[in-house]
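Below is one structure, written out as structure tokens; the observations come after it.
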Amino acid sequence: MWGLVRVLLTWLGGWSCVGRLAAPARAWAGSRGAPGPALLRTRRSWVWNQFFVIEEYAGPEPVLIGKLHSDVDRGEGRTKYLLTGEGAGTVFVIDEATGNIHVTKSLDREEKAQYVLLAQAVDRASNRPLEPPSEFIIKVQDINDNPPIFPLGPYHATVPEMSNVGTSVIQVTAHDADDPSYGNSAKLVYTVLDGLPFFSVDPQTGVVRTAIPNMDRETQEEFLVVIQAKDMGGHMGGLSGSTTVTVTLSDVNDNPPKFPQSLYQFSVVETAGPGTLVGRLRAQDPDLGDNALMAYSILDGEGSEAFSISTDAQGRDGLLTVRKPLDFETRRSYSFRVEATNTLIDPAYLRRGPFKDVASVRVAVQDAPEPPAFTQAAYILAVPENKSPGTLVGQVSAADLDSQASPIRYSILPDTDPEHCFSIEPEDGTIHTAVPLDREARVWHNLTVLATEVALSVHQMDDSSAQASRVQVAIQTLDENDNAPQLAEPYDTFVCESAAPGQLIQVLRALDRDEVGNNSRISLQGPLDPDANFTVRDNRDGSASLLLPSRPTPPRQAPYLVPIELWDWGQPALRSTATVTVSVCRCRPDGSVASCRPEAQLSPAGLSTGALLAIITCVGTLLGRSDWNQAAPRLALPAQRPVCASPPALVVLFVALRRQKQEALMVLEEEDVRENIITYDDEGGGEEDTEAFDISALQNPDGAAPPAPGPTARRDVLPWARAPRQPWPPGPADVAQLLALRLRGADDDPSVPPYDSVQVYGYEGRGSSCGSLSSLGSGSEIGGAPGPAEPLDDWGPLFRTLAELYGAKEPPAP
């Protein structure tokens, strides 16, 4: 039967606490299978209060923190207590016989605040559970062992200058790892260690605020504030931590612009064009960024007319520029005032204004040599067309502004009058025609006239940008009635055989190249013969209607040639004639052409180009001989089919056919290519090719240039490493020894080609007492002439044959 469960919690202070709770024995007995009815609900056998242990305690022996006891344990030693869970056996140990729980090492609440364990009572002999297991918690009691820290420090904050007292700057937050639910270990209080009297901090929230008004950025821009957080409510003995807050004052527009001087003086040459920079003005503003941007303006009227002022790209400087051309002779100086104003003004700081300043400006105009000035900016002149050369067109005039008495010379730039249609008098600037002008070819002539001072040199006269001036002269060519009207196009029309009398055949339009007016008013007239085959009616708008007469037109194969007379209403009136070709064709019911007989007989099948050319030549010859201009105004004559049988026509036909045949043969000859012969003129290097062989071996070593240091490079083989050349033997040179030495050197040289090389030497060496062995120049000595000073017999066995041939003494005469 269960009894009372006693739990003992011991503190270092020496006092204890016992908790009790009764547990029914029948619930446990029923769970073990004992006789009796089973209950629907069982109550817990263990109910534990929380155990507590103080952190960071380090005693000489394990500390008793509690004791477990069960009613089943009657003190006979049969009950064994077991402890499992977090830290069981390592951090916490239990006496199996008594149930005492000890802590074996120092605990840190910040590492682990509580431990969950499981307690159970079992039979010592059989390990049979005597009580069901139950869970309990051991909490680590906190002590003030952690100082406050600022995890986000150091801090940086910005506050506008001139802020009011109490303006919030930033909030700092410190953290204390101690238990905030136990005591004052985690209760923090904030104070300012450094930064007074400019800033303050709220002790509870850590909000940093301004403590004085009107802090000026221009005086001090940055402040370093040290904030301390202390636990234990700020009382003595508490732990503390600190951080820094860097407070920067941001700029506001609290300073007006100010010119450093009251008067600015500039000078500009009178030839400076609009937009030329005269000078810079800067008003000083200690503010930053947009608060220091300024706009400049000219207050006086006379200055704003001649000059303009604008702000540079940075918005700080005023750029004074020329607005209109200046003239030293008219005005030599300008005086005006310039105002600088802030573009962005904060209404909260208007009491510190006004945010503008004024300075005086004086600009002196300097004299400069000026080119002549024309009386007009441009000239427009006119001259009638077809006038004889030398006709006066007009006059241009220029004057020297620096010296009115200085003469001016005029000329026309050749590029503007490439056809040399005009000439100009150099002294007075009168312009005349050089050739007759044609308005229909060109209406306007745009010239550039150059006016130059006479005192300038020839080289300076070409420099039109400095001492010469130009002007544009536009000359219009006026129209005269010099073009007779003509038909707008060659008309070749047709009429159906079944056309009714009076039917409109074609509207004829005329053109006149002369200018609009009476010169371009055109009238048209057809044949005046009442029996003419066609009628022409003037529409009085530059056109005429070609009509069939009231009587039927007789059918015919050849086309009709209708003469048309045209004239204008100019003074004097000009006339011209033209011809309209009308073919009579068979038409379909819808009015479209079915066939025209002249077209069917115009070009027979198989007629070559030469034949057509001959026929056209004959027609042109016959037409040229006819007096067409006299017969055209009277009636419409039918075109006769010419028959050309003259000998010149036959000759032309024969030549055309012959040329056509020759051209065909030439094409066949060009396409029949049987053989291509290609000739190359490359004959090789010859004697001038000195790159393929080293000729130094054929030269006299005494007269040759000293060789370059290092091995000699060959040009006919790969440049391998050459064997060192054997030195000359000391003393008198032996020819046999020298040849053997050279032969051995050639055999041992790896850079020589693998074939025999025959070289002809023009020099046999030096140091031989026998002299040259060449037969050149020694014919007088052969055959009885005295031999060399040294006998050939003394040269050795290798020269025995030579000695027998040349050096043997003649036998004495018998």
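Identifiers for the structure tokens are assigned positionally: chains receive A, B, ... in sequence, residues are indexed from 1 per chain, and ligands are indexed from 1 in the order shown.
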Residue contacts of Ser545 of chain A (7 Å, only C-alpha atoms) excluding same-chain residues fewer than 3 positions away, as a PyMOL selection string: chain A and resi 504+506-508+536-538
Export, as a compact mmCIF listing (two decimals), in the first residue's frame, the selected residues with N, CA, C and O atoms.
```
# COMPACT_ATOMS: atom_id res chain seq x y z
N LEU A 504 -14.54 62.54 -129.98
CA LEU A 504 -13.26 63.00 -129.43
C LEU A 504 -12.23 61.88 -129.56
O LEU A 504 -12.45 60.76 -129.09
N GLN A 506 -8.50 62.54 -129.03
CA GLN A 506 -7.39 62.74 -128.09
C GLN A 506 -7.42 64.18 -127.61
O GLN A 506 -7.74 65.10 -128.36
N VAL A 507 -7.09 64.39 -126.33
CA VAL A 507 -6.90 65.73 -125.78
C VAL A 507 -5.41 66.04 -125.86
O VAL A 507 -4.58 65.34 -125.28
N LEU A 508 -5.06 67.07 -126.57
CA LEU A 508 -3.67 67.47 -126.78
C LEU A 508 -3.32 68.57 -125.78
O LEU A 508 -4.03 69.57 -125.67
N VAL A 536 -9.36 70.28 -134.95
CA VAL A 536 -8.72 70.61 -133.68
C VAL A 536 -9.44 71.79 -133.06
O VAL A 536 -9.57 72.84 -133.71
N ARG A 537 -9.93 71.60 -131.78
CA ARG A 537 -10.66 72.65 -131.08
C ARG A 537 -9.85 73.11 -129.87
O ARG A 537 -9.48 72.32 -129.00
N ASP A 538 -9.54 74.41 -129.82
CA ASP A 538 -8.76 74.98 -128.73
C ASP A 538 -9.64 75.08 -127.48
O ASP A 538 -10.72 75.66 -127.51
```
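Atom CA of Asp300 of chain A sits 15.8 Å away from atom CA of Ser262 of chain A.
Closest approach to Phe51 of chain A from the set A:Ile138, A:Val322, A:Leu68, A:Val226 is made by A:Ile138, with distances taken over only C-alpha atoms.
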Nearest to Ile345 of chain A, restricted to only C-alpha atoms and choosing among A:Ile309, A:Ala378, A:Val582, A:Leu293, comes out as A:Leu293
I'd like the contact shell of segment 96-101 of chain A - 7 Å cut-off, only C-alpha atoms, skipping same-chain residues fewer than 4 positions apart - returned as a ChimeraX atom specification. /A:64-69,77,79-82,92
Strand (DSSP E or B) positions in segment 460-592 of chain A, given as a PyMOL selection string: chain A and resi 468-478+486-487+492-496+504-511+522-525+535-538+543-547+560-568+575-587
Give me, as a PDB file with N, CA, C and O atoms, in the first residue's frame, all polymer residues having an atom no more than 7 Å from segment 486-489 of chain A, counting only C-alpha atoms and skipping those fewer than 4 positions away in the same chain.
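Written out: selection04.pdb:
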```pdb
ATOM      1  N   ARG A 509      -2.216  68.361-125.021  1.00  0.00           N
ATOM      2  CA  ARG A 509      -1.776  69.340-124.030  1.00  0.00           C
ATOM      3  C   ARG A 509      -0.443  69.918-124.464  1.00  0.00           C
ATOM      4  O   ARG A 509       0.418  69.192-124.977  1.00  0.00           O
ATOM      5  N   ALA A 510      -0.266  71.233-124.197  1.00  0.00           N
ATOM      6  CA  ALA A 510       0.935  71.948-124.605  1.00  0.00           C
ATOM      7  C   ALA A 510       1.635  72.521-123.368  1.00  0.00           C
ATOM      8  O   ALA A 510       1.016  72.756-122.325  1.00  0.00           O
ATOM      9  N   LEU A 511       2.937  72.727-123.512  1.00  0.00           N
ATOM     10  CA  LEU A 511       3.758  73.280-122.438  1.00  0.00           C
ATOM     11  C   LEU A 511       4.585  74.418-122.979  1.00  0.00           C
ATOM     12  O   LEU A 511       4.975  74.420-124.158  1.00  0.00           O
ATOM     13  N   ASP A 512       4.847  75.394-122.101  1.00  0.00           N
ATOM     14  CA  ASP A 512       5.720  76.513-122.429  1.00  0.00           C
ATOM     15  C   ASP A 512       6.713  76.666-121.289  1.00  0.00           C
ATOM     16  O   ASP A 512       6.326  76.817-120.125  1.00  0.00           O
ATOM     17  N   LEU A 566       1.031  75.885-132.666  1.00  0.00           N
ATOM     18  CA  LEU A 566       0.972  76.381-131.300  1.00  0.00           C
ATOM     19  C   LEU A 566       1.622  77.754-131.262  1.00  0.00           C
ATOM     20  O   LEU A 566       2.648  77.976-131.910  1.00  0.00           O
ATOM     21  N   SER A 576       5.128  77.524-133.055  1.00  0.00           N
ATOM     22  CA  SER A 576       5.779  76.256-133.399  1.00  0.00           C
ATOM     23  C   SER A 576       4.731  75.322-133.952  1.00  0.00           C
ATOM     24  O   SER A 576       3.521  75.561-133.798  1.00  0.00           O
TER      25      SER A 576
END
```
Helix (DSSP H, G or I) per DSSP on the backbone: members of segment 264-346 of chain A, as a PyMOL selection string: chain A and resi 289-292+301-306
Show which residues sit within 12 Å of Ile212 of chain A, as a PDB file with all heavy atoms, in the first residue's frame. Count only C-alpha atoms, and ignore same-chain residues fewer than 4 positions away.
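Output below, filename around-v7.pdb:
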```
ATOM      1  N   GLU A 161      20.920  69.418 -38.250  1.00  0.00           N
ATOM      2  CA  GLU A 161      21.406  70.522 -37.419  1.00  0.00           C
ATOM      3  C   GLU A 161      20.251  71.458 -37.086  1.00  0.00           C
ATOM      4  O   GLU A 161      19.192  71.433 -37.719  1.00  0.00           O
ATOM      5  CB  GLU A 161      22.519  71.269 -38.150  1.00  0.00           C
ATOM      6  CG  GLU A 161      22.078  71.942 -39.443  1.00  0.00           C
ATOM      7  CD  GLU A 161      23.160  72.786 -40.071  1.00  0.00           C
ATOM      8  OE1 GLU A 161      24.050  73.240 -39.324  1.00  0.00           O
ATOM      9  OE2 GLU A 161      23.101  73.009 -41.296  1.00  0.00           O
ATOM     10  N   MET A 162      20.457  72.252 -36.079  1.00  0.00           N
ATOM     11  CA  MET A 162      19.453  73.201 -35.605  1.00  0.00           C
ATOM     12  C   MET A 162      18.186  72.513 -35.106  1.00  0.00           C
ATOM     13  O   MET A 162      17.107  73.123 -35.082  1.00  0.00           O
ATOM     14  CB  MET A 162      19.102  74.229 -36.704  1.00  0.00           C
ATOM     15  CG  MET A 162      20.271  75.065 -37.168  1.00  0.00           C
ATOM     16  SD  MET A 162      20.900  76.110 -35.831  1.00  0.00           S
ATOM     17  CE  MET A 162      22.411  76.737 -36.552  1.00  0.00           C
ATOM     18  N   SER A 163      18.289  71.245 -34.698  1.00  0.00           N
ATOM     19  CA  SER A 163      17.113  70.533 -34.194  1.00  0.00           C
ATOM     20  C   SER A 163      16.747  71.051 -32.802  1.00  0.00           C
ATOM     21  O   SER A 163      17.600  71.530 -32.035  1.00  0.00           O
ATOM     22  CB  SER A 163      17.384  69.029 -34.141  1.00  0.00           C
ATOM     23  OG  SER A 163      17.633  68.521 -35.426  1.00  0.00           O
ATOM     24  N   ASN A 164      15.475  70.885 -32.457  1.00  0.00           N
ATOM     25  CA  ASN A 164      14.999  71.313 -31.150  1.00  0.00           C
ATOM     26  C   ASN A 164      15.460  70.342 -30.070  1.00  0.00           C
ATOM     27  O   ASN A 164      15.857  69.195 -30.337  1.00  0.00           O
ATOM     28  CB  ASN A 164      13.470  71.396 -31.148  1.00  0.00           C
ATOM     29  CG  ASN A 164      12.956  72.450 -32.114  1.00  0.00           C
ATOM     30  OD1 ASN A 164      13.606  73.489 -32.283  1.00  0.00           O
ATOM     31  ND2 ASN A 164      11.813  72.201 -32.723  1.00  0.00           N
ATOM     32  N   VAL A 165      15.385  70.802 -28.822  1.00  0.00           N
ATOM     33  CA  VAL A 165      15.764  69.952 -27.704  1.00  0.00           C
ATOM     34  C   VAL A 165      14.790  68.783 -27.605  1.00  0.00           C
ATOM     35  O   VAL A 165      13.570  68.955 -27.710  1.00  0.00           O
ATOM     36  CB  VAL A 165      15.782  70.766 -26.394  1.00  0.00           C
ATOM     37  CG1 VAL A 165      16.081  69.857 -25.203  1.00  0.00           C
ATOM     38  CG2 VAL A 165      16.805  71.882 -26.478  1.00  0.00           C
ATOM     39  N   GLY A 166      15.324  67.595 -27.381  1.00  0.00           N
ATOM     40  CA  GLY A 166      14.495  66.405 -27.253  1.00  0.00           C
ATOM     41  C   GLY A 166      14.257  65.681 -28.557  1.00  0.00           C
ATOM     42  O   GLY A 166      13.498  64.701 -28.573  1.00  0.00           O
ATOM     43  N   THR A 167      14.889  66.132 -29.631  1.00  0.00           N
ATOM     44  CA  THR A 167      14.731  65.423 -30.901  1.00  0.00           C
ATOM     45  C   THR A 167      15.366  64.043 -30.802  1.00  0.00           C
ATOM     46  O   THR A 167      16.515  63.905 -30.378  1.00  0.00           O
ATOM     47  CB  THR A 167      15.369  66.221 -32.051  1.00  0.00           C
ATOM     48  OG1 THR A 167      14.769  67.520 -32.097  1.00  0.00           O
ATOM     49  CG2 THR A 167      15.200  65.516 -33.379  1.00  0.00           C
ATOM     50  N   GLY A 195      29.436  62.815 -23.926  1.00  0.00           N
ATOM     51  CA  GLY A 195      28.556  63.424 -24.914  1.00  0.00           C
ATOM     52  C   GLY A 195      27.682  64.491 -24.325  1.00  0.00           C
ATOM     53  O   GLY A 195      26.871  65.118 -25.028  1.00  0.00           O
ATOM     54  N   LEU A 196      27.805  64.711 -23.035  1.00  0.00           N
ATOM     55  CA  LEU A 196      27.084  65.796 -22.399  1.00  0.00           C
ATOM     56  C   LEU A 196      27.793  67.119 -22.678  1.00  0.00           C
ATOM     57  O   LEU A 196      29.014  67.155 -22.832  1.00  0.00           O
ATOM     58  CB  LEU A 196      26.993  65.543 -20.889  1.00  0.00           C
ATOM     59  CG  LEU A 196      26.206  64.297 -20.460  1.00  0.00           C
ATOM     60  CD1 LEU A 196      26.327  64.105 -18.967  1.00  0.00           C
ATOM     61  CD2 LEU A 196      24.743  64.419 -20.869  1.00  0.00           C
ATOM     62  N   PRO A 197      27.127  68.211 -22.793  1.00  0.00           N
ATOM     63  CA  PRO A 197      25.676  68.404 -22.587  1.00  0.00           C
ATOM     64  C   PRO A 197      24.877  68.334 -23.878  1.00  0.00           C
ATOM     65  O   PRO A 197      23.756  68.842 -23.933  1.00  0.00           O
ATOM     66  CB  PRO A 197      25.620  69.798 -21.977  1.00  0.00           C
ATOM     67  CG  PRO A 197      26.713  70.532 -22.714  1.00  0.00           C
ATOM     68  CD  PRO A 197      27.804  69.527 -22.949  1.00  0.00           C
ATOM     69  N   PHE A 198      25.436  67.760 -24.941  1.00  0.00           N
ATOM     70  CA  PHE A 198      24.773  67.828 -26.240  1.00  0.00           C
ATOM     71  C   PHE A 198      23.653  66.802 -26.371  1.00  0.00           C
ATOM     72  O   PHE A 198      22.644  67.055 -27.028  1.00  0.00           O
ATOM     73  CB  PHE A 198      25.799  67.618 -27.358  1.00  0.00           C
ATOM     74  CG  PHE A 198      26.934  68.596 -27.334  1.00  0.00           C
ATOM     75  CD1 PHE A 198      28.179  68.253 -26.825  1.00  0.00           C
ATOM     76  CD2 PHE A 198      26.745  69.883 -27.799  1.00  0.00           C
ATOM     77  CE1 PHE A 198      29.213  69.154 -26.799  1.00  0.00           C
ATOM     78  CE2 PHE A 198      27.779  70.803 -27.779  1.00  0.00           C
ATOM     79  CZ  PHE A 198      29.021  70.443 -27.278  1.00  0.00           C
ATOM     80  N   PHE A 199      23.807  65.638 -25.711  1.00  0.00           N
ATOM     81  CA  PHE A 199      22.842  64.569 -25.892  1.00  0.00           C
ATOM     82  C   PHE A 199      22.508  63.953 -24.533  1.00  0.00           C
ATOM     83  O   PHE A 199      23.301  64.017 -23.577  1.00  0.00           O
ATOM     84  CB  PHE A 199      23.402  63.475 -26.823  1.00  0.00           C
ATOM     85  CG  PHE A 199      23.720  63.977 -28.205  1.00  0.00           C
ATOM     86  CD1 PHE A 199      25.003  64.416 -28.527  1.00  0.00           C
ATOM     87  CD2 PHE A 199      22.735  64.042 -29.178  1.00  0.00           C
ATOM     88  CE1 PHE A 199      25.295  64.875 -29.786  1.00  0.00           C
ATOM     89  CE2 PHE A 199      23.031  64.519 -30.439  1.00  0.00           C
ATOM     90  CZ  PHE A 199      24.317  64.940 -30.750  1.00  0.00           C
ATOM     91  N   SER A 200      21.338  63.337 -24.470  1.00  0.00           N
ATOM     92  CA  SER A 200      20.867  62.623 -23.278  1.00  0.00           C
ATOM     93  C   SER A 200      20.266  61.296 -23.720  1.00  0.00           C
ATOM     94  O   SER A 200      19.988  61.090 -24.909  1.00  0.00           O
ATOM     95  CB  SER A 200      19.827  63.456 -22.524  1.00  0.00           C
ATOM     96  OG  SER A 200      18.675  63.674 -23.344  1.00  0.00           O
ATOM     97  N   ASP A 216      25.047  73.620 -34.641  1.00  0.00           N
ATOM     98  CA  ASP A 216      25.377  74.085 -35.989  1.00  0.00           C
ATOM     99  C   ASP A 216      26.382  73.122 -36.618  1.00  0.00           C
ATOM    100  O   ASP A 216      27.453  72.876 -36.048  1.00  0.00           O
ATOM    101  CB  ASP A 216      25.956  75.497 -35.922  1.00  0.00           C
ATOM    102  CG  ASP A 216      26.056  76.124 -37.305  1.00  0.00           C
ATOM    103  OD1 ASP A 216      25.608  75.494 -38.290  1.00  0.00           O
ATOM    104  OD2 ASP A 216      26.594  77.241 -37.405  1.00  0.00           O
TER     105      ASP A 216
END
```
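Among the candidate residues A:Ile149, A:Ala484, A:Val338, A:Ala272, the one lying nearest to Lys324 of chain A is A:Ala272, with distances computed using only C-alpha atoms.
The gap separating atom CA of Ser134 of chain A from atom CA of Val72 of chain A is 15.3 Å, in Å to one decimal.
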